[in-house]
$ cat structure14.cif   # mmCIF, C-alpha atoms and all ligand atoms
data_entry
#
loop_
_atom_site.label_atom_id
_atom_site.label_comp_id
_atom_site.auth_asym_id
_atom_site.auth_seq_id
_atom_site.Cartn_x
_atom_site.Cartn_y
_atom_site.Cartn_z
CA MET A 1 -81.70 221.24 80.31
CA ASP A 2 -81.75 218.88 77.36
CA TRP A 3 -78.35 217.34 76.89
CA ALA A 4 -79.37 214.98 74.09
CA ASP A 5 -77.27 215.27 70.91
CA ASP A 6 -78.75 217.08 67.96
CA SER A 7 -78.55 215.22 64.64
CA GLU A 8 -75.11 216.58 63.69
CA GLN A 9 -73.66 215.82 67.11
CA ALA A 10 -75.16 212.32 67.02
CA ALA A 11 -73.59 211.70 63.61
CA PHE A 12 -70.19 212.88 64.85
CA ARG A 13 -70.48 210.71 67.97
CA ALA A 14 -71.32 207.70 65.79
CA ARG A 15 -68.24 208.40 63.65
CA VAL A 16 -65.98 208.53 66.72
CA ARG A 17 -67.50 205.33 68.11
CA ASN A 18 -67.00 203.61 64.79
CA VAL A 19 -63.29 204.47 64.69
CA ILE A 20 -62.90 203.20 68.25
CA THR A 21 -64.74 199.97 67.52
CA THR A 22 -62.83 199.24 64.35
CA SER A 23 -59.36 200.57 65.19
CA LEU A 24 -58.65 200.72 68.93
CA PRO A 25 -55.91 198.11 69.51
CA LYS A 26 -56.92 195.26 71.79
CA ARG A 27 -54.28 196.30 74.30
CA TYR A 28 -56.32 199.40 75.16
CA SER A 29 -59.85 198.05 75.03
CA GLY A 30 -60.91 197.28 78.57
CA GLY A 31 -59.35 200.45 79.85
CA ASP A 32 -55.61 199.82 79.71
CA GLY A 33 -55.03 203.09 77.86
CA GLU A 34 -56.74 205.36 80.34
CA GLU A 35 -53.76 205.86 82.63
CA GLU A 36 -51.99 209.11 81.80
CA GLY A 37 -48.87 208.43 79.79
CA SER A 38 -49.78 205.03 78.36
CA TRP A 39 -49.24 206.20 74.78
CA GLU A 40 -45.92 207.85 75.71
CA ARG A 41 -44.77 204.67 77.49
CA ASP A 42 -45.89 202.29 74.75
CA ARG A 43 -44.29 204.20 71.89
CA ARG A 44 -40.94 203.75 73.65
CA SER A 45 -41.63 200.20 74.87
CA PRO A 46 -39.12 197.41 74.20
CA VAL A 47 -42.13 195.06 73.87
CA ALA A 48 -42.94 194.98 70.15
CA GLU A 49 -46.66 194.40 70.70
CA HIS A 50 -47.00 197.48 72.95
CA LYS A 51 -45.02 199.67 70.57
CA LYS A 52 -47.20 198.52 67.70
CA ALA A 53 -50.39 199.28 69.65
CA ALA A 54 -49.23 202.88 70.17
CA GLU A 55 -48.26 203.22 66.49
CA ASP A 56 -51.49 201.67 65.20
CA TRP A 57 -53.63 203.94 67.35
CA THR A 58 -51.63 206.98 66.22
CA LYS A 59 -52.20 206.01 62.58
CA ALA A 60 -55.92 205.39 63.10
CA LEU A 61 -56.43 208.83 64.66
CA ALA A 62 -54.15 210.52 62.10
CA GLN A 63 -56.24 209.07 59.26
CA GLN A 64 -59.25 210.93 60.63
CA GLY A 65 -57.18 214.08 61.28
CA TRP A 66 -57.93 213.67 65.00
CA ILE A 67 -54.46 213.77 66.57
CA ALA A 68 -54.91 217.45 67.40
CA PRO A 69 -58.67 217.98 67.72
CA HIS A 70 -58.46 221.67 68.68
CA TRP A 71 -55.74 222.88 66.30
CA PRO A 72 -56.90 224.84 63.24
CA LYS A 73 -57.10 222.80 60.04
CA GLU A 74 -54.44 224.89 58.28
CA TYR A 75 -51.88 223.51 60.75
CA GLY A 76 -53.01 219.91 60.40
CA GLY A 77 -55.49 219.94 63.28
CA ALA A 78 -59.08 218.78 63.15
CA GLY A 79 -60.51 222.26 63.78
CA LEU A 80 -63.25 220.70 65.90
CA SER A 81 -65.68 222.99 67.69
CA PRO A 82 -65.65 222.85 71.51
CA MET A 83 -68.78 220.67 71.42
CA GLU A 84 -67.18 218.21 68.98
CA GLN A 85 -64.04 218.11 71.15
CA PHE A 86 -66.29 217.38 74.13
CA ILE A 87 -67.97 214.47 72.32
CA PHE A 88 -64.60 213.20 71.09
CA LYS A 89 -63.12 213.22 74.60
CA GLN A 90 -66.24 211.70 76.13
CA GLU A 91 -66.12 208.75 73.74
CA MET A 92 -62.35 208.29 74.08
CA ALA A 93 -62.63 208.22 77.86
CA ALA A 94 -65.62 205.86 77.77
CA SER A 95 -63.60 203.35 75.77
CA GLY A 96 -60.38 203.74 77.79
CA ALA A 97 -58.50 204.83 74.65
CA PRO A 98 -55.22 206.68 75.28
CA SER A 99 -54.83 210.21 73.99
CA VAL A 100 -52.01 210.59 71.50
CA GLY A 101 -49.41 213.33 71.20
CA GLY A 102 -49.21 214.37 74.86
CA GLN A 103 -48.24 217.93 75.71
CA GLY A 104 -47.01 218.54 72.16
CA VAL A 105 -50.64 218.45 71.09
CA SER A 106 -52.21 220.03 74.14
CA GLN A 107 -49.73 222.82 74.89
CA LEU A 108 -46.68 223.26 72.73
CA GLY A 109 -48.39 223.04 69.32
CA PRO A 110 -50.92 225.78 70.15
CA THR A 111 -48.10 227.94 71.53
CA ILE A 112 -46.06 227.59 68.33
CA ILE A 113 -49.14 228.17 66.18
CA ILE A 114 -49.69 231.53 67.86
CA HIS A 115 -46.17 232.72 68.72
CA GLY A 116 -43.78 230.59 66.61
CA THR A 117 -41.76 231.67 63.57
CA PRO A 118 -42.58 230.08 60.18
CA GLU A 119 -39.41 227.95 60.60
CA GLN A 120 -40.49 226.74 64.05
CA LYS A 121 -43.94 225.85 62.71
CA ALA A 122 -42.46 223.96 59.75
CA GLU A 123 -39.93 222.12 61.91
CA HIS A 124 -42.04 221.10 64.89
CA LEU A 125 -45.76 220.90 64.09
CA PRO A 126 -45.61 218.02 61.57
CA LYS A 127 -43.52 215.90 63.95
CA ILE A 128 -46.05 216.39 66.75
CA LEU A 129 -48.87 215.35 64.43
CA SER A 130 -47.06 212.24 63.24
CA GLY A 131 -46.24 211.16 66.81
CA GLU A 132 -42.55 211.23 65.90
CA VAL A 133 -41.55 213.73 68.59
CA ASP A 134 -42.96 213.78 72.11
CA TRP A 135 -42.70 217.02 74.11
CA ARG A 136 -42.68 217.60 77.85
CA GLN A 137 -42.98 220.68 79.99
CA GLY A 138 -40.16 222.11 82.13
CA TYR A 139 -41.83 224.87 84.12
CA SER A 140 -41.79 224.00 87.86
CA GLU A 141 -38.68 224.31 89.99
CA PRO A 142 -37.96 223.30 93.58
CA GLY A 143 -38.74 226.89 94.65
CA ALA A 144 -41.34 227.78 92.00
CA GLY A 145 -44.63 225.94 91.54
CA SER A 146 -47.83 227.83 92.35
CA ASP A 147 -45.75 231.01 92.17
CA LEU A 148 -44.19 229.95 88.89
CA ALA A 149 -42.99 233.43 87.92
CA SER A 150 -40.36 233.25 90.66
CA LEU A 151 -38.45 230.60 88.65
CA GLN A 152 -34.64 230.89 88.76
CA THR A 153 -33.23 228.65 86.00
CA ARG A 154 -30.92 231.10 84.31
CA ALA A 155 -30.26 231.54 80.58
CA ILE A 156 -27.43 233.90 79.59
CA ARG A 157 -27.05 234.95 75.98
CA ASP A 158 -23.73 234.11 74.34
CA GLY A 159 -23.77 235.08 70.65
CA ASP A 160 -26.31 232.89 68.85
CA GLU A 161 -26.91 230.71 71.88
CA TYR A 162 -28.33 230.77 75.38
CA VAL A 163 -26.32 229.03 78.10
CA ILE A 164 -28.65 227.52 80.67
CA ASN A 165 -27.95 226.54 84.27
CA GLY A 166 -30.46 225.47 86.90
CA GLN A 167 -33.01 222.82 87.75
CA LYS A 168 -36.59 221.87 86.96
CA ILE A 169 -38.68 219.38 88.92
CA TRP A 170 -41.82 217.24 88.49
CA THR A 171 -41.11 217.00 84.75
CA SER A 172 -43.79 214.40 83.98
CA LEU A 173 -42.88 211.63 81.54
CA ALA A 174 -39.68 213.41 80.45
CA HIS A 175 -37.95 210.02 80.36
CA TYR A 176 -40.10 209.13 77.31
CA ALA A 177 -39.84 212.56 75.68
CA ASP A 178 -37.65 213.72 72.79
CA TRP A 179 -37.80 217.48 73.34
CA LEU A 180 -38.62 219.82 76.23
CA TYR A 181 -40.11 223.30 76.32
CA ALA A 182 -39.03 225.37 79.28
CA LEU A 183 -39.38 228.75 80.90
CA VAL A 184 -36.04 230.28 81.86
CA ARG A 185 -34.93 233.57 83.38
CA THR A 186 -33.21 235.83 80.87
CA ASP A 187 -33.34 239.08 82.85
CA PRO A 188 -32.88 238.70 86.61
CA ASP A 189 -33.25 242.47 87.19
CA ALA A 190 -36.68 242.89 85.54
CA PRO A 191 -39.97 242.46 87.47
CA LYS A 192 -40.39 238.70 87.79
CA HIS A 193 -43.00 238.14 85.05
CA ARG A 194 -41.00 240.25 82.58
CA GLY A 195 -37.60 238.55 82.69
CA ILE A 196 -38.63 235.11 81.45
CA SER A 197 -38.16 233.51 78.01
CA PHE A 198 -39.67 230.40 76.43
CA LEU A 199 -37.15 227.95 74.92
CA LEU A 200 -37.31 224.69 72.98
CA MET A 201 -34.57 222.12 73.53
CA ASP A 202 -33.65 218.68 72.31
CA LYS A 203 -33.55 216.39 75.34
CA HIS A 204 -30.18 215.05 74.23
CA THR A 205 -28.41 218.44 74.29
CA PRO A 206 -25.10 218.07 76.21
CA GLY A 207 -25.39 219.17 79.86
CA LEU A 208 -29.11 218.34 80.11
CA SER A 209 -29.78 215.40 82.40
CA ILE A 210 -32.98 213.79 83.56
CA ARG A 211 -33.18 211.83 86.80
CA PRO A 212 -36.14 209.75 87.92
CA LEU A 213 -38.37 210.58 90.88
CA ILE A 214 -40.28 207.50 92.02
CA ASP A 215 -43.69 208.28 93.50
CA MET A 216 -45.24 206.53 96.49
CA SER A 217 -47.09 204.04 94.29
CA ASN A 218 -43.64 202.96 93.10
CA ARG A 219 -44.21 204.47 89.68
CA HIS A 220 -41.74 206.44 87.61
CA HIS A 221 -43.88 209.30 86.38
CA PHE A 222 -41.93 212.45 87.23
CA ASN A 223 -38.33 213.50 86.90
CA GLU A 224 -35.87 216.12 87.97
CA THR A 225 -34.23 217.94 85.07
CA PHE A 226 -30.80 219.49 85.49
CA PHE A 227 -29.09 222.05 83.24
CA GLU A 228 -25.34 222.45 83.35
CA ASP A 229 -24.09 224.89 80.71
CA VAL A 230 -26.72 223.67 78.27
CA ARG A 231 -26.41 225.54 74.97
CA VAL A 232 -29.64 226.24 73.08
CA PRO A 233 -29.69 228.23 69.82
CA VAL A 234 -31.43 231.61 70.06
CA ARG A 235 -33.60 230.54 67.11
CA ASN A 236 -35.24 228.03 69.51
CA ARG A 237 -36.77 230.86 71.52
CA VAL A 238 -40.52 231.19 70.98
CA GLY A 239 -41.70 234.79 71.06
CA GLU A 240 -39.64 237.76 72.18
CA GLU A 241 -36.88 237.64 74.76
CA ASN A 242 -38.26 238.32 78.27
CA ARG A 243 -41.87 237.86 77.08
CA GLY A 244 -41.89 234.11 77.69
CA TRP A 245 -44.35 234.31 80.58
CA TYR A 246 -47.09 235.44 78.19
CA VAL A 247 -46.01 232.90 75.55
CA GLY A 248 -46.18 230.12 78.14
CA MET A 249 -49.72 231.02 79.14
CA THR A 250 -51.12 230.60 75.60
CA LEU A 251 -54.25 228.54 75.18
CA LEU A 252 -56.12 227.80 71.98
CA ASP A 253 -59.86 227.48 71.94
CA PHE A 254 -59.88 224.04 73.53
CA GLU A 255 -62.64 222.43 75.51
CA ARG A 256 -62.13 222.86 79.26
CA SER A 257 -64.95 220.84 80.76
CA ASN A 258 -63.02 218.03 82.48
CA ILE A 259 -65.48 215.59 80.91
CA THR A 260 -62.78 212.91 80.96
CA GLY A 261 -62.78 213.05 84.77
CA ALA A 262 -66.56 212.56 84.94
CA VAL A 263 -66.48 209.64 82.51
CA ASN A 264 -63.52 207.98 84.23
CA GLY A 265 -65.20 208.39 87.64
CA LYS A 266 -68.31 206.64 86.38
CA ARG A 267 -66.29 203.84 84.76
CA THR A 268 -64.41 203.22 88.02
CA LEU A 269 -67.61 203.11 90.06
CA ASP A 270 -69.26 200.76 87.55
CA ARG A 271 -66.26 198.43 87.73
CA LEU A 272 -66.23 198.55 91.53
CA SER A 273 -69.98 197.89 91.84
CA ALA A 274 -69.82 195.00 89.37
CA TYR A 275 -66.93 193.41 91.27
CA LEU A 276 -68.69 193.78 94.63
CA LYS A 277 -71.57 191.72 93.26
CA THR A 278 -69.30 188.77 92.45
CA ASN A 279 -68.68 186.06 95.06
CA GLU A 280 -65.05 187.10 95.30
CA GLY A 281 -66.06 190.74 95.79
CA LYS A 282 -68.58 189.84 98.50
CA ALA A 283 -66.00 187.75 100.33
CA LYS A 284 -63.44 190.55 100.35
CA SER A 285 -65.76 193.37 101.31
CA PRO A 286 -67.20 193.53 104.81
CA GLY A 287 -69.82 196.13 105.80
CA ALA A 288 -72.06 195.84 102.77
CA LYS A 289 -74.58 198.51 103.81
CA ALA A 290 -72.05 201.23 104.59
CA ASN A 291 -70.33 200.43 101.30
CA ARG A 292 -73.56 200.78 99.37
CA LEU A 293 -74.21 204.22 100.88
CA ALA A 294 -70.68 205.44 100.20
CA ILE A 295 -70.80 204.23 96.60
CA ALA A 296 -74.20 205.90 96.10
CA ASP A 297 -72.69 209.18 97.36
CA ARG A 298 -69.85 208.83 94.87
CA TYR A 299 -72.31 208.20 92.00
CA ILE A 300 -74.14 211.40 92.97
CA GLU A 301 -70.85 213.32 92.92
CA VAL A 302 -70.06 211.93 89.48
CA ASP A 303 -73.46 213.17 88.33
CA VAL A 304 -72.68 216.62 89.72
CA MET A 305 -69.37 216.50 87.86
CA PHE A 306 -71.15 215.70 84.58
CA ASN A 307 -73.28 218.79 85.17
CA PHE A 308 -70.24 221.01 85.85
CA SER A 309 -68.79 219.72 82.57
CA PHE A 310 -72.03 220.40 80.71
CA ARG A 311 -72.12 223.91 82.15
CA ILE A 312 -68.66 224.69 80.81
CA ILE A 313 -69.22 223.21 77.39
CA SER A 314 -72.50 225.06 77.06
CA MET A 315 -70.66 228.32 77.86
CA GLN A 316 -67.99 227.56 75.26
CA THR A 317 -70.59 226.62 72.68
CA ARG A 318 -72.09 230.08 73.16
CA GLY A 319 -68.68 231.69 72.59
CA MET A 320 -68.08 232.48 76.28
CA VAL A 321 -64.69 231.88 77.91
CA PRO A 322 -64.92 229.88 81.15
CA ASN A 323 -62.95 231.53 83.91
CA TYR A 324 -63.61 230.67 87.57
CA GLU A 325 -66.10 228.07 86.27
CA ALA A 326 -63.14 226.03 84.98
CA SER A 327 -61.59 226.25 88.45
CA VAL A 328 -64.82 224.99 90.03
CA SER A 329 -64.78 222.03 87.65
CA LYS A 330 -61.06 221.29 88.17
CA LEU A 331 -61.40 221.53 91.97
CA PHE A 332 -64.48 219.33 92.15
CA ASN A 333 -63.08 216.80 89.70
CA SER A 334 -59.76 216.31 91.48
CA GLU A 335 -61.36 216.02 94.92
CA MET A 336 -64.00 213.64 93.51
CA SER A 337 -61.30 211.36 92.09
CA GLN A 338 -59.67 211.20 95.53
CA LYS A 339 -62.97 210.35 97.21
CA ILE A 340 -63.71 207.60 94.69
CA ALA A 341 -60.27 206.11 95.27
CA LEU A 342 -60.70 206.33 99.06
CA THR A 343 -64.12 204.64 98.91
CA GLY A 344 -62.64 202.01 96.60
CA THR A 345 -60.09 201.10 99.25
CA ARG A 346 -62.39 201.36 102.29
CA VAL A 347 -64.86 198.84 100.92
CA PHE A 348 -62.12 196.21 100.98
CA GLY A 349 -60.99 196.74 104.57
CA LEU A 350 -57.61 195.14 105.22
CA TYR A 351 -57.49 193.62 101.72
CA ALA A 352 -56.88 197.15 100.48
CA ASN A 353 -53.41 197.01 102.03
CA ILE A 354 -52.27 194.64 99.30
CA TYR A 355 -50.65 196.68 96.54
CA ASP A 356 -49.24 193.88 94.44
CA ALA A 357 -51.51 193.43 91.41
CA LYS A 358 -50.33 189.83 91.03
CA ASP A 359 -51.22 188.83 94.61
CA GLU A 360 -54.39 186.75 94.29
CA ARG A 361 -55.72 188.15 97.56
CA ALA A 362 -55.69 191.69 96.06
CA PRO A 363 -59.22 192.79 95.11
CA MET A 364 -59.52 194.11 91.53
CA GLU A 365 -55.81 193.46 91.00
CA ALA A 366 -55.07 196.15 93.59
CA SER A 367 -56.27 198.82 91.16
CA MET A 368 -58.20 200.70 93.86
CA SER A 369 -55.25 200.76 96.25
CA THR A 370 -52.96 201.96 93.48
CA SER A 371 -55.34 204.70 92.39
CA TYR A 372 -55.73 205.76 96.04
CA LEU A 373 -51.98 206.41 96.20
CA ARG A 374 -51.88 208.09 92.80
CA SER A 375 -54.93 210.25 93.41
CA VAL A 376 -53.04 212.26 96.04
CA SER A 377 -51.36 214.26 93.28
CA SER A 378 -54.63 215.22 91.58
CA THR A 379 -55.23 218.17 93.91
CA ILE A 380 -51.67 219.44 93.26
CA ALA A 381 -51.15 218.92 89.51
CA ALA A 382 -52.22 221.67 87.09
CA GLY A 383 -52.89 224.13 89.92
CA THR A 384 -53.49 223.12 93.53
CA SER A 385 -56.92 223.12 95.15
CA GLU A 386 -55.93 226.15 97.24
CA ILE A 387 -55.06 228.08 94.08
CA GLN A 388 -58.38 227.06 92.49
CA ARG A 389 -60.18 228.23 95.64
CA ASN A 390 -58.34 231.57 95.46
CA ILE A 391 -59.55 232.00 91.86
CA ILE A 392 -63.12 231.09 92.78
CA ALA A 393 -63.02 233.47 95.75
CA THR A 394 -61.61 236.47 93.90
CA ARG A 395 -62.95 236.10 90.34
CA GLY A 396 -66.12 234.14 91.09
CA LEU A 397 -67.29 235.55 94.43
CA GLY A 398 -65.60 238.95 94.11
CA LEU A 399 -63.87 238.63 97.50
CA PRO A 400 -60.81 240.82 98.12
CA ARG A 401 -57.33 239.35 97.65
CA GLY A 402 -55.87 238.18 100.98
C1 LIG A 501 -48.91 214.73 88.91
C2 LIG A 501 -48.14 216.00 88.69
C3 LIG A 501 -47.58 216.26 87.45
C4 LIG A 501 -46.83 217.42 87.24
N1 LIG A 501 -46.25 217.60 86.02
C5 LIG A 501 -45.49 218.72 85.81
C6 LIG A 501 -44.79 218.90 84.56
O1 LIG A 501 -44.84 218.04 83.67
N2 LIG A 501 -44.04 220.00 84.41
C7 LIG A 501 -43.94 220.97 85.37
O2 LIG A 501 -43.28 221.96 85.13
N3 LIG A 501 -44.57 220.82 86.57
C8 LIG A 501 -45.32 219.70 86.80
N4 LIG A 501 -45.95 219.52 88.03
C9 LIG A 501 -45.74 220.50 89.08
C10 LIG A 501 -46.99 221.30 89.46
O3 LIG A 501 -47.25 222.27 88.49
C11 LIG A 501 -46.73 221.91 90.85
O4 LIG A 501 -46.59 220.84 91.76
C12 LIG A 501 -47.86 222.80 91.29
O5 LIG A 501 -47.91 223.96 90.51
C13 LIG A 501 -47.70 223.20 92.77
O6 LIG A 501 -46.43 223.74 92.99
P1 LIG A 501 -45.49 223.20 94.16
O7 LIG A 501 -45.46 221.70 94.09
O8 LIG A 501 -44.21 223.93 94.07
O9 LIG A 501 -46.24 223.56 95.50
P2 LIG A 501 -46.26 225.00 96.18
O10 LIG A 501 -46.64 226.04 95.18
O11 LIG A 501 -45.00 225.19 96.93
O12 LIG A 501 -47.46 224.82 97.18
C14 LIG A 501 -47.32 224.21 98.47
C15 LIG A 501 -48.64 224.37 99.20
O13 LIG A 501 -48.91 225.77 99.42
C16 LIG A 501 -50.17 226.11 98.88
N5 LIG A 501 -50.11 227.44 98.29
C17 LIG A 501 -49.17 227.94 97.45
N6 LIG A 501 -49.48 229.21 97.10
C18 LIG A 501 -50.65 229.51 97.70
C19 LIG A 501 -51.49 230.66 97.72
N7 LIG A 501 -51.18 231.76 97.01
N8 LIG A 501 -52.64 230.61 98.45
C20 LIG A 501 -52.97 229.50 99.17
N9 LIG A 501 -52.20 228.37 99.20
C21 LIG A 501 -51.07 228.38 98.47
C22 LIG A 501 -50.42 225.07 97.78
O14 LIG A 501 -51.80 224.94 97.51
C23 LIG A 501 -49.83 223.82 98.40
O15 LIG A 501 -50.74 223.23 99.30
C24 LIG A 501 -46.68 218.37 88.29
C25 LIG A 501 -47.24 218.11 89.54
C26 LIG A 501 -47.94 216.93 89.76
C27 LIG A 501 -48.51 216.67 91.13
#
$ encode --input "structure14.cif" --output "structure tokens"
Amino acid sequence: MDWADDSEQAAFRARVRNVITTSLPKRYSGGDGEEEGSWERDRRSPVAEHKKAAEDWTKALAQQGWIAPHWPKEYGGAGLSPMEQFIFKQEMAASGAPSVGGQGVSQLGPTIIIHGTPEQKAEHLPKILSGEVDWRQGYSEPGAGSDLASLQTRAIRDGDEYVINGQKIWTSLAHYADWLYALVRTDPDAPKHRGISFLLMDKHTPGLSIRPLIDMSNRHHFNETFFEDVRVPVRNRVGEENRGWYVGMTLLDFERSNITGAVNGKRTLDRLSAYLKTNEGKAKSPGAKANRLAIADRYIEVDVMFNFSFRIISMQTRGMVPNYEASVSKLFNSEMSQKIALTGTRVFGLYANIYDAKDERAPMEASMSTSYLRSVSSTIAAGTSEIQRNIIATRGLGLPRG
């Protein structure tokens, strides 16, 4: 396989690199933007410098038309081909640049483009593209995650409004968001996939409250979202009543390779290896030989991950739709990130128990220990590993459903 860029791809890659070199705010160079949610956090930050970094980066991408790489041009997207999206993401990840626009760009925009009314398109798409409104997803509930269609949050029609009662959970970054999109049950008597509707709601609607859930790395990433007689206009429903399940599953032709995971894995290993060669790194890392072997194994896994990504992008470039192949890539990527984090803590022995980044005894400012704790969620988020294995077994290997 020859994965070298052709001349057009090389020119596009050079353009992306040039924008990064000239416009990526200093705050993000060196990798500070790579953590999920850094743009969302910074745009709401009370620290003027952080807020400005998020705004400047939004403007720089908007000038190129790159806020929404996979949206069609007629809706303000870049209309990039899957291969161009792949190159774009690869370069963004390599520089540690944060992605802009969050789930408004990745999920809600495409959903409105396909299922929205002209009024919904005119109202919401421009504000996603300008970074003015950040959207977050309210799908999961305490009793509905992998089996999402069993969700119970109830919406009852009352004239021109729905009245919503219930609870969502794991609503990532909702504390920074302006609006939420949610799946709610509008017909409790219909078969479970057919009684769901897709609603848009301003986060500040009376009766809607968001409470923090602090994860084990002491980070506020998720929230619980409660609805008590929340009134949402019927015109905020996307698609037909009771057809929300199908609306919620909409995907545009976006690149599904997980290339960001491969690039981030390599960056982490490069940082770890470089640190272990310093005097400080040597002093804090006993068992040099075992460490070397473990790190070599992780590099090999990263290489495998690059190849899974290349496989998917080559399918998409040929107009094929990845199916179980995307599950293979997601499964391998999330387990790889956990193994990298585990290796990154093991090499430091007892020093890895120090989680305080400011403690001078903490190797690499405790970044490995923190990512070890955070990596636990990677095999749960966006479809658990067991669910991915079910897909691979049934759709990929043709095994019967259990
Ligand atoms: C970091 C992170 C961010 C998230 N962000 C959001 C968000 O913004 N909005 C949102 O709505 N949700 C969000 N979620 C929720 C996420 O979608 C769910 O956690 C996920 O779908 C799993 O659902 P669950 O937690 O209810 O676990 P469950 O579905 O209850 O699963 C529990 C266990 O049972 C296993 N299991 C379940 N069904 C099967 C099966 N059929 N076969 C084999 N094993 C099975 C699972 O693999 C798992 O090990 C987020 C989760 C994480 C970790």
$ closest_residue --input "structure14.cif" --among "A:Gly244, A:Gly102, A:Gly207, A:Gly30" --to "A:Asn165" --atoms "only C-alpha atoms"
A:Gly207
$ closest_residue --input "structure14.cif" --among "A:Gly116, A:Gly281, A:Gly398, A:Gly265" --to "A:Lys339" --atoms "all atoms listed in the file"
A:Gly265
$ residues_around --input "structure14.cif" --residues "A:Lys330" --least-positions-apart "4" --cutoff "9 Å" --atoms "only C-alpha atoms" --output "PyMOL selection string"
chain A and resi 257-258+325-326+334-335+379+382-383+385+388
$ closest_residue --input "structure14.cif" --among "A:Pro286, A:Pro98, A:Pro191, A:Gly402" --to "ligand LIG 501 (chain A)" --atoms "all atoms listed in the file"
A:Gly402
$ residues_near_point --input "structure14.cif" --point "(-52.8, 198.9, 90.3)" --cutoff "12 Å" --atoms "all atoms listed in the file" --output "PyMOL selection string"
chain A and resi 32+35+217-219+341+345+352-359+362-375
$ write_last_selection --input "structure14.cif" --atoms "C-alpha atoms" --output "PDB file, keeping the file's coordinate frame"
ATOM      1  CA  ASP A  32     -55.610 199.820  79.710  1.00  0.00           C
ATOM      2  CA  GLU A  35     -53.760 205.860  82.630  1.00  0.00           C
ATOM      3  CA  SER A 217     -47.090 204.040  94.290  1.00  0.00           C
ATOM      4  CA  ASN A 218     -43.640 202.960  93.100  1.00  0.00           C
ATOM      5  CA  ARG A 219     -44.210 204.470  89.680  1.00  0.00           C
ATOM      6  CA  ALA A 341     -60.270 206.110  95.270  1.00  0.00           C
ATOM      7  CA  THR A 345     -60.090 201.100  99.250  1.00  0.00           C
ATOM      8  CA  ALA A 352     -56.880 197.150 100.480  1.00  0.00           C
ATOM      9  CA  ASN A 353     -53.410 197.010 102.030  1.00  0.00           C
ATOM     10  CA  ILE A 354     -52.270 194.640  99.300  1.00  0.00           C
ATOM     11  CA  TYR A 355     -50.650 196.680  96.540  1.00  0.00           C
ATOM     12  CA  ASP A 356     -49.240 193.880  94.440  1.00  0.00           C
ATOM     13  CA  ALA A 357     -51.510 193.430  91.410  1.00  0.00           C
ATOM     14  CA  LYS A 358     -50.330 189.830  91.030  1.00  0.00           C
ATOM     15  CA  ASP A 359     -51.220 188.830  94.610  1.00  0.00           C
ATOM     16  CA  ALA A 362     -55.690 191.690  96.060  1.00  0.00           C
ATOM     17  CA  PRO A 363     -59.220 192.790  95.110  1.00  0.00           C
ATOM     18  CA  MET A 364     -59.520 194.110  91.530  1.00  0.00           C
ATOM     19  CA  GLU A 365     -55.810 193.460  91.000  1.00  0.00           C
ATOM     20  CA  ALA A 366     -55.070 196.150  93.590  1.00  0.00           C
ATOM     21  CA  SER A 367     -56.270 198.820  91.160  1.00  0.00           C
ATOM     22  CA  MET A 368     -58.200 200.700  93.860  1.00  0.00           C
ATOM     23  CA  SER A 369     -55.250 200.760  96.250  1.00  0.00           C
ATOM     24  CA  THR A 370     -52.960 201.960  93.480  1.00  0.00           C
ATOM     25  CA  SER A 371     -55.340 204.700  92.390  1.00  0.00           C
ATOM     26  CA  TYR A 372     -55.730 205.760  96.040  1.00  0.00           C
ATOM     27  CA  LEU A 373     -51.980 206.410  96.200  1.00  0.00           C
ATOM     28  CA  ARG A 374     -51.880 208.090  92.800  1.00  0.00           C
ATOM     29  CA  SER A 375     -54.930 210.250  93.410  1.00  0.00           C
TER      30      SER A 375
END
$ closest_residue --input "structure14.cif" --among "A:Thr186, A:Asn390, A:Asn323, A:Ser285" --to "A:Phe348" --atoms "all atoms listed in the file"
A:Ser285
$ residues_near_ligand --input "structure14.cif" --ligand "ligand LIG 501 (chain A)" --cutoff "9 Å" --atoms "all atoms listed in the file" --output "ChimeraX atom specification"
/A:103,136-148,168-174,182-183,221-223,374-390,402
$ atom_distance --input "structure14.cif" --atom1 "atom CA of A:Gln120" --atom2 "atom CA of A:Pro233"
12.3 Å
$ atom_distance --input "structure14.cif" --atom1 "atom CA of A:Thr205" --atom2 "atom CA of A:Val230"
6.8 Å
$ atom_distance --input "structure14.cif" --atom1 "atom CA of A:Ala274" --atom2 "atom CA of A:Ile340"
15.0 Å
$ closest_residue --input "structure14.cif" --among "A:Arg271, A:Arg292, A:Arg27, A:Arg157" --to "A:Val232" --atoms "only C-alpha atoms"
A:Arg157
$ closest_residue --input "structure14.cif" --among "A:Glu119, A:Leu151, A:Val105, A:Pro110" --to "A:Arg235" --atoms "all atoms listed in the file"
A:Glu119
$ residues_around --input "structure14.cif" --residues "A:Ile156" --least-positions-apart "5" --cutoff "12 Å" --atoms "only C-alpha atoms" --output "PyMOL selection string"
chain A and resi 161-166+184-188+195-197+229-234+241-242
$ residues_around --input "structure14.cif" --residues "A:Tyr246" --least-positions-apart "6" --cutoff "12 Å" --atoms "all atoms listed in the file" --output "ChimeraX atom specification"
/A:111,114-115,149,183,193-198,238-240
$ residues_around --input "structure14.cif" --residues "A:Ile67" --least-positions-apart "4" --cutoff "12 Å" --atoms "all atoms listed in the file" --output "NGL selection string"
:A and (57-63 or 71-73 or 75-80 or 85 or 88-89 or 98-106 or 109 or 125-131)
$ residues_around --input "structure14.cif" --residues "A:His50" --least-positions-apart "3" --cutoff "12 Å" --atoms "all atoms listed in the file" --output "PyMOL selection string"
chain A and resi 25-28+32-33+38-47+53-57
